[in-house]
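Listing of start.txt; format and content: compact mmCIF, N, CA and C atoms.
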```txt
# COMPACT_ATOMS: atom_id res chain seq x y z
N MET A 1 -126.15 -178.98 134.94
CA MET A 1 -125.57 -179.59 136.12
C MET A 1 -125.28 -178.51 137.17
N THR A 2 -125.59 -178.80 138.40
CA THR A 2 -125.32 -177.86 139.47
C THR A 2 -123.88 -178.04 139.95
N ALA A 3 -123.37 -177.01 140.55
CA ALA A 3 -122.00 -177.06 141.06
C ALA A 3 -121.93 -178.04 142.23
N PRO A 4 -120.82 -178.78 142.32
CA PRO A 4 -120.66 -179.72 143.43
C PRO A 4 -120.59 -178.99 144.77
N ASN A 5 -121.14 -179.60 145.79
CA ASN A 5 -121.04 -179.01 147.12
C ASN A 5 -119.66 -179.32 147.71
N SER A 6 -119.39 -178.81 148.88
CA SER A 6 -118.04 -178.96 149.44
C SER A 6 -117.67 -180.42 149.68
N GLU A 7 -118.63 -181.25 150.06
CA GLU A 7 -118.36 -182.66 150.29
C GLU A 7 -118.01 -183.37 148.97
N GLN A 8 -118.74 -183.03 147.91
CA GLN A 8 -118.47 -183.62 146.60
C GLN A 8 -117.12 -183.15 146.05
N ARG A 9 -116.80 -181.87 146.26
CA ARG A 9 -115.50 -181.36 145.81
C ARG A 9 -114.36 -182.08 146.52
N LYS A 10 -114.49 -182.25 147.84
CA LYS A 10 -113.45 -182.94 148.60
C LYS A 10 -113.28 -184.37 148.11
N ALA A 11 -114.40 -185.06 147.84
CA ALA A 11 -114.33 -186.44 147.34
C ALA A 11 -113.62 -186.48 145.98
N CYS A 12 -113.91 -185.49 145.14
CA CYS A 12 -113.26 -185.42 143.83
C CYS A 12 -111.77 -185.18 143.98
N TRP A 13 -111.40 -184.21 144.80
CA TRP A 13 -109.98 -183.89 144.98
C TRP A 13 -109.23 -185.06 145.59
N ASP A 14 -109.86 -185.76 146.53
CA ASP A 14 -109.22 -186.94 147.13
C ASP A 14 -109.01 -188.03 146.08
N ALA A 15 -110.01 -188.23 145.22
CA ALA A 15 -109.89 -189.23 144.15
C ALA A 15 -108.78 -188.83 143.17
N ARG A 16 -108.71 -187.54 142.85
CA ARG A 16 -107.64 -187.04 141.97
C ARG A 16 -106.28 -187.26 142.59
N ASP A 17 -106.14 -186.91 143.86
CA ASP A 17 -104.85 -187.08 144.54
C ASP A 17 -104.45 -188.55 144.60
N HIS A 18 -105.41 -189.42 144.84
CA HIS A 18 -105.14 -190.86 144.90
C HIS A 18 -104.68 -191.36 143.53
N LEU A 19 -105.35 -190.92 142.47
CA LEU A 19 -104.97 -191.31 141.11
C LEU A 19 -103.57 -190.81 140.78
N TRP A 20 -103.30 -189.53 141.06
CA TRP A 20 -101.99 -188.97 140.73
C TRP A 20 -100.88 -189.68 141.50
N LYS A 21 -101.13 -190.04 142.75
CA LYS A 21 -100.12 -190.78 143.52
C LYS A 21 -99.88 -192.15 142.90
N CYS A 22 -100.97 -192.81 142.52
CA CYS A 22 -100.85 -194.12 141.87
C CYS A 22 -100.04 -194.00 140.58
N LEU A 23 -100.34 -193.00 139.77
CA LEU A 23 -99.60 -192.80 138.51
C LEU A 23 -98.12 -192.50 138.78
N ASP A 24 -97.85 -191.68 139.79
CA ASP A 24 -96.46 -191.38 140.15
C ASP A 24 -95.72 -192.64 140.60
N ASP A 25 -96.40 -193.46 141.39
CA ASP A 25 -95.79 -194.68 141.91
C ASP A 25 -95.58 -195.74 140.84
N ASN A 26 -96.35 -195.65 139.75
CA ASN A 26 -96.30 -196.67 138.68
C ASN A 26 -95.79 -196.10 137.36
N ASN A 27 -94.97 -195.07 137.42
CA ASN A 27 -94.37 -194.47 136.20
C ASN A 27 -95.40 -194.15 135.13
N ASP A 28 -96.53 -193.56 135.55
CA ASP A 28 -97.60 -193.13 134.65
C ASP A 28 -98.21 -194.26 133.82
N GLN A 29 -98.15 -195.48 134.33
CA GLN A 29 -98.79 -196.62 133.67
C GLN A 29 -100.26 -196.66 134.10
N ALA A 30 -101.13 -196.16 133.26
CA ALA A 30 -102.55 -196.05 133.59
C ALA A 30 -103.18 -197.41 133.85
N ALA A 31 -102.68 -198.45 133.20
CA ALA A 31 -103.25 -199.79 133.39
C ALA A 31 -103.12 -200.25 134.84
N SER A 32 -102.09 -199.80 135.52
CA SER A 32 -101.88 -200.17 136.92
C SER A 32 -102.80 -199.41 137.87
N CYS A 33 -103.43 -198.37 137.38
CA CYS A 33 -104.26 -197.49 138.22
C CYS A 33 -105.71 -197.44 137.75
N GLN A 34 -106.18 -198.52 137.15
CA GLN A 34 -107.51 -198.51 136.55
C GLN A 34 -108.60 -198.25 137.58
N SER A 35 -108.49 -198.84 138.76
CA SER A 35 -109.54 -198.62 139.77
C SER A 35 -109.54 -197.17 140.26
N SER A 36 -108.35 -196.59 140.39
CA SER A 36 -108.25 -195.18 140.80
C SER A 36 -108.82 -194.27 139.72
N LEU A 37 -108.56 -194.59 138.47
CA LEU A 37 -109.08 -193.80 137.36
C LEU A 37 -110.61 -193.88 137.30
N THR A 38 -111.15 -195.06 137.50
CA THR A 38 -112.60 -195.24 137.51
C THR A 38 -113.24 -194.44 138.64
N GLU A 39 -112.63 -194.49 139.81
CA GLU A 39 -113.14 -193.72 140.96
C GLU A 39 -113.07 -192.22 140.69
N PHE A 40 -111.96 -191.77 140.12
CA PHE A 40 -111.77 -190.36 139.77
C PHE A 40 -112.87 -189.89 138.83
N LYS A 41 -113.13 -190.66 137.78
CA LYS A 41 -114.16 -190.29 136.80
C LYS A 41 -115.55 -190.34 137.40
N ALA A 42 -115.77 -191.22 138.36
CA ALA A 42 -117.09 -191.34 138.99
C ALA A 42 -117.36 -190.21 139.98
N LYS A 43 -116.31 -189.72 140.64
CA LYS A 43 -116.50 -188.73 141.70
C LYS A 43 -116.34 -187.29 141.23
N CYS A 44 -115.85 -187.08 140.03
CA CYS A 44 -115.62 -185.72 139.54
C CYS A 44 -116.48 -185.43 138.31
N PRO A 45 -116.94 -184.19 138.19
CA PRO A 45 -117.64 -183.80 136.96
C PRO A 45 -116.72 -183.97 135.75
N ALA A 46 -117.30 -184.30 134.61
CA ALA A 46 -116.52 -184.57 133.40
C ALA A 46 -115.59 -183.41 133.05
N GLN A 47 -116.06 -182.18 133.20
CA GLN A 47 -115.22 -181.02 132.88
C GLN A 47 -114.02 -180.93 133.82
N TRP A 48 -114.20 -181.33 135.07
CA TRP A 48 -113.09 -181.33 136.03
C TRP A 48 -112.08 -182.41 135.67
N VAL A 49 -112.57 -183.57 135.24
CA VAL A 49 -111.67 -184.66 134.84
C VAL A 49 -110.79 -184.17 133.70
N LYS A 50 -111.40 -183.52 132.73
CA LYS A 50 -110.65 -182.98 131.59
C LYS A 50 -109.61 -181.96 132.06
N TYR A 51 -110.04 -181.05 132.93
CA TYR A 51 -109.14 -180.01 133.44
C TYR A 51 -107.97 -180.63 134.22
N PHE A 52 -108.27 -181.52 135.16
CA PHE A 52 -107.22 -182.10 135.98
C PHE A 52 -106.25 -182.95 135.15
N THR A 53 -106.75 -183.62 134.12
CA THR A 53 -105.89 -184.42 133.25
C THR A 53 -104.91 -183.51 132.50
N LYS A 54 -105.43 -182.41 131.95
CA LYS A 54 -104.55 -181.45 131.26
C LYS A 54 -103.58 -180.79 132.24
N ARG A 55 -104.05 -180.52 133.44
CA ARG A 55 -103.21 -179.91 134.47
C ARG A 55 -102.03 -180.82 134.82
N ARG A 56 -102.30 -182.10 134.97
CA ARG A 56 -101.22 -183.05 135.29
C ARG A 56 -100.20 -183.10 134.15
N GLU A 57 -100.70 -183.15 132.91
CA GLU A 57 -99.79 -183.18 131.77
C GLU A 57 -98.91 -181.93 131.75
N PHE A 58 -99.51 -180.77 132.02
CA PHE A 58 -98.75 -179.52 132.06
C PHE A 58 -97.71 -179.55 133.17
N LEU A 59 -98.09 -179.99 134.36
CA LEU A 59 -97.15 -180.02 135.48
C LEU A 59 -95.99 -180.99 135.21
N LYS A 60 -96.27 -182.12 134.57
CA LYS A 60 -95.20 -183.07 134.21
C LYS A 60 -94.26 -182.43 133.18
N TYR A 61 -94.84 -181.74 132.19
CA TYR A 61 -94.04 -181.06 131.17
C TYR A 61 -93.17 -179.98 131.81
N LYS A 62 -93.75 -179.20 132.70
CA LYS A 62 -93.02 -178.13 133.38
C LYS A 62 -91.87 -178.71 134.21
N GLU A 63 -92.14 -179.79 134.91
CA GLU A 63 -91.10 -180.45 135.72
C GLU A 63 -89.96 -180.95 134.84
N LYS A 64 -90.31 -181.51 133.69
CA LYS A 64 -89.30 -182.00 132.76
C LYS A 64 -88.42 -180.85 132.24
N LEU A 65 -89.05 -179.73 131.90
CA LEU A 65 -88.29 -178.57 131.45
C LEU A 65 -87.34 -178.06 132.53
N GLN A 66 -87.81 -178.07 133.78
CA GLN A 66 -86.98 -177.57 134.87
C GLN A 66 -85.82 -178.51 135.19
N THR A 67 -86.02 -179.81 135.03
CA THR A 67 -84.95 -180.75 135.35
C THR A 67 -84.01 -181.00 134.18
N GLU A 68 -84.57 -181.08 132.97
CA GLU A 68 -83.75 -181.42 131.80
C GLU A 68 -83.36 -180.20 130.97
N GLY A 69 -84.05 -179.11 131.17
CA GLY A 69 -83.76 -177.91 130.39
C GLY A 69 -84.41 -177.94 129.04
N PHE A 70 -84.15 -176.91 128.28
CA PHE A 70 -84.75 -176.74 126.96
C PHE A 70 -83.65 -176.76 125.92
N THR A 71 -83.83 -177.54 124.86
CA THR A 71 -82.89 -177.55 123.75
C THR A 71 -83.67 -177.43 122.44
N LEU A 72 -83.14 -176.64 121.54
CA LEU A 72 -83.76 -176.49 120.22
C LEU A 72 -83.48 -177.73 119.40
N THR A 73 -84.43 -178.15 118.58
CA THR A 73 -84.23 -179.32 117.74
C THR A 73 -83.48 -178.96 116.46
N GLU A 74 -83.53 -177.71 116.06
CA GLU A 74 -82.79 -177.25 114.88
C GLU A 74 -82.44 -175.78 115.08
N ASP A 75 -81.51 -175.31 114.28
CA ASP A 75 -81.10 -173.91 114.38
C ASP A 75 -82.26 -173.00 113.99
N PRO A 76 -82.48 -171.95 114.76
CA PRO A 76 -83.55 -171.02 114.39
C PRO A 76 -83.19 -170.29 113.10
N LYS A 77 -84.17 -170.02 112.30
CA LYS A 77 -83.94 -169.31 111.05
C LYS A 77 -83.74 -167.83 111.34
N GLN A 78 -82.75 -167.26 110.71
CA GLN A 78 -82.47 -165.84 110.90
C GLN A 78 -83.32 -165.03 109.94
N PRO A 79 -83.89 -163.91 110.42
CA PRO A 79 -84.70 -163.07 109.53
C PRO A 79 -83.85 -162.50 108.39
N SER A 80 -84.43 -162.40 107.22
CA SER A 80 -83.69 -161.88 106.04
C SER A 80 -83.66 -160.39 106.03
```
Mind turning the file's structure into structure tokens?
Amino acid sequence: MTAPNSEQRKACWDARDHLWKCLDDNNDQAASCQSSLTEFKAKCPAQWVKYFTKRREFLKYKEKLQTEGFTLTEDPKQPS
């Protein structure tokens, strides 16, 4: 596969932004954003879809850590 040209990249990024806005507006309910998801997958290379999906998950996780903080689930084990 050849690299997308600037017009194709812009179309992909616009589709990604539209999907992410839809997900934000609908509390990450993918069923509410099916048309945006279909457009995103159609306009972006598969590897980019995978990357952007993981990127969104990471950014959501990072945001959660920054707002809620980090707590240990159990006491750390002390070295013997």
**Message:** I need the residues of stretch 3-48 of chain A that end up classed as alpha helix (DSSP H) by DSSP on the backbone, written out as number ranges by chain.
**Reply:** A: 6-25, 34-43, 46-48
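Rounded to one decimal, atom CA of A:Gln47 and atom CA of A:Asp28 lie 21.5 Å from each other.
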**Message:** Show me, as a PyMOL selection string, the residues that have an atom within 7 Å of stretch 3-13 of chain A when counting all atoms listed in the file, minus same-chain residues fewer than 4 positions from it.
**Reply:** chain A and resi 17-18+40+43-45
